[in-house]
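K.L.:
You'll find protein.csv just under this line, and it carries CSV, C-alpha atoms.
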```csv
chain,number,residue,atom,x,y,z
A,1,MET,CA,-80.1,3.3,-36.7
A,2,ASN,CA,-79.5,3.0,-32.9
A,3,GLN,CA,-76.2,3.6,-31.1
A,4,ASP,CA,-75.1,-0.1,-31.1
A,5,GLN,CA,-75.8,-0.5,-34.8
A,6,ALA,CA,-73.9,2.7,-35.6
A,7,LYS,CA,-71.0,1.5,-33.6
A,8,GLU,CA,-70.9,-1.8,-35.5
A,9,TYR,CA,-71.2,0.1,-38.8
A,10,TYR,CA,-68.2,2.3,-37.9
A,11,LYS,CA,-66.1,-0.7,-36.8
A,12,LYS,CA,-66.7,-2.4,-40.1
A,13,LEU,CA,-66.1,0.8,-42.0
A,14,PHE,CA,-62.7,1.3,-40.3
A,15,VAL,CA,-61.6,-2.3,-40.3
A,16,ASN,CA,-58.6,-1.5,-42.6
A,17,TYR,CA,-57.2,1.1,-40.2
A,18,PRO,CA,-54.8,0.3,-37.3
A,19,ASP,CA,-56.2,0.0,-33.8
A,20,VAL,CA,-54.3,3.1,-32.7
A,21,LEU,CA,-53.9,6.0,-35.0
A,22,SER,CA,-51.6,9.0,-35.3
A,23,VAL,CA,-53.1,12.5,-35.6
A,24,GLU,CA,-52.3,12.3,-39.3
A,25,GLU,CA,-54.1,9.0,-39.8
A,26,ALA,CA,-57.1,10.3,-37.8
A,27,THR,CA,-57.2,13.4,-40.0
A,28,THR,CA,-57.4,11.1,-43.1
A,29,LEU,CA,-60.0,8.8,-41.5
A,30,LEU,CA,-62.3,11.6,-40.5
A,31,GLY,CA,-61.8,13.5,-43.8
A,32,PHE,CA,-60.6,16.7,-42.1
A,33,LYS,CA,-58.4,19.1,-44.1
A,34,SER,CA,-55.8,19.7,-41.4
A,35,GLN,CA,-54.3,18.0,-38.4
A,36,THR,CA,-54.9,21.2,-36.5
A,37,ALA,CA,-58.6,20.4,-36.4
A,38,ILE,CA,-57.9,17.0,-34.7
A,39,ILE,CA,-55.5,18.6,-32.2
A,40,ARG,CA,-58.0,21.4,-31.4
A,41,ARG,CA,-60.6,18.7,-30.6
A,42,ILE,CA,-58.1,16.9,-28.5
A,43,HIS,CA,-57.4,20.0,-26.5
A,44,GLN,CA,-61.1,20.7,-26.2
A,45,HIS,CA,-61.5,17.1,-24.8
A,46,ARG,CA,-63.9,16.2,-27.6
A,47,ILE,CA,-61.6,13.5,-28.8
A,48,ARG,CA,-59.9,11.3,-26.2
A,49,CYS,CA,-56.3,10.3,-26.8
A,50,LEU,CA,-53.2,8.8,-25.4
A,51,LYS,CA,-50.1,10.9,-25.1
A,52,VAL,CA,-46.9,9.1,-26.1
A,53,GLY,CA,-43.9,11.3,-25.6
A,54,ARG,CA,-44.8,14.5,-27.4
A,55,SER,CA,-47.2,12.7,-29.8
A,56,PHE,CA,-51.0,12.1,-29.5
A,57,MET,CA,-52.1,8.6,-30.4
A,58,ILE,CA,-55.9,8.0,-30.8
A,59,PRO,CA,-57.4,4.5,-30.4
A,60,LYS,CA,-59.9,3.8,-33.1
A,61,GLU,CA,-62.5,3.2,-30.4
A,62,TYR,CA,-62.1,6.8,-29.3
A,63,LEU,CA,-62.7,8.1,-32.8
A,64,ILE,CA,-65.9,6.0,-33.1
A,65,ASP,CA,-67.0,7.4,-29.7
A,66,TYR,CA,-66.4,10.9,-31.0
A,67,LEU,CA,-68.4,10.2,-34.2
A,68,LEU,CA,-71.3,8.8,-32.1
A,69,ASP,CA,-71.3,11.8,-29.8
A,70,SER,CA,-71.2,14.4,-32.6
```
Give the structure from the file, written as structure tokens.
P.N.:
Amino acid sequence: MNQDQAKEYYKKLFVNYPDVLSVEEATTLLGFKSQTAIIRRIHQHRIRCLKVGRSFMIPKEYLIDYLLDS
């Protein structure tokens, strides 16, 4: 499977999730056990995000990019 096919696969897989996710939603979507794992990856610049006030919001596209880079 090439990069474009994988991206389309993830888009179809995550179609029921909102376009912009909270850390909690991203944790569920990626199957992580704790939100700390997501926040750690944000601070390591492995997952890009938007900062809204004191909260991190993660566009679904950024999560797909993270999965493709992993």
K.L.:
At a cut-off of 12 Å, using all atoms listed in the file, what residues contact Tyr62 in chain A? Leave out same-chain residues fewer than 5 positions from it and give the result as a list in words.
P.N.:
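Counting only the stated atoms, we get Lys7, Tyr10, Lys11, Asp19, Val20, Leu21, Ala26, Ile42, His45, Arg46, Ile47, Arg48, Cys49, Leu50, Met57, Leu67, Leu68 and Asp69 of chain A.
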K.L.:
Using all atoms listed in the file, find the one residue out of A:Lys33, A:Arg40, A:Ile64, A:Arg54 that sits nearest to Glu8 in chain A.
P.N.:
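Once distances to Glu8 in chain A are computed over all atoms listed in the file, the minimum belongs to A:Ile64.
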K.L.:
As an exercise, work out the distance from CA of Asn16 in chain A to CA of Arg41 in chain A in Å and give it to one decimal place.
P.N.:
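Those two atoms sit 23.6 Å apart.
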K.L.:
Which is closest to Val23 in chain A among A:Gln3, A:Gln44, A:Ser70, A:Ser55, if we use all atoms listed in the file?
P.N.:
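Closest residue, counting all atoms listed in the file: A:Ser55.
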K.L.:
When you look at Thr27 in chain A with a cut-off of 10 Å (counting all atoms listed in the file), what residues show up, excluding the ones that are within fewer than 5 positions of it in the same chain? I need them as a tab-separated table (two decimals) with C-alpha atoms, in the coordinates of the input.
P.N.:
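File produced: selection-v5.tsv:
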```tsv
chain	number	residue	atom	x	y	z
A	21	LEU	CA	-53.90	6.00	-35.00
A	22	SER	CA	-51.60	9.00	-35.30
A	32	PHE	CA	-60.60	16.70	-42.10
A	33	LYS	CA	-58.40	19.10	-44.10
A	34	SER	CA	-55.80	19.70	-41.40
A	35	GLN	CA	-54.30	18.00	-38.40
A	36	THR	CA	-54.90	21.20	-36.50
A	37	ALA	CA	-58.60	20.40	-36.40
A	38	ILE	CA	-57.90	17.00	-34.70
A	39	ILE	CA	-55.50	18.60	-32.20
```
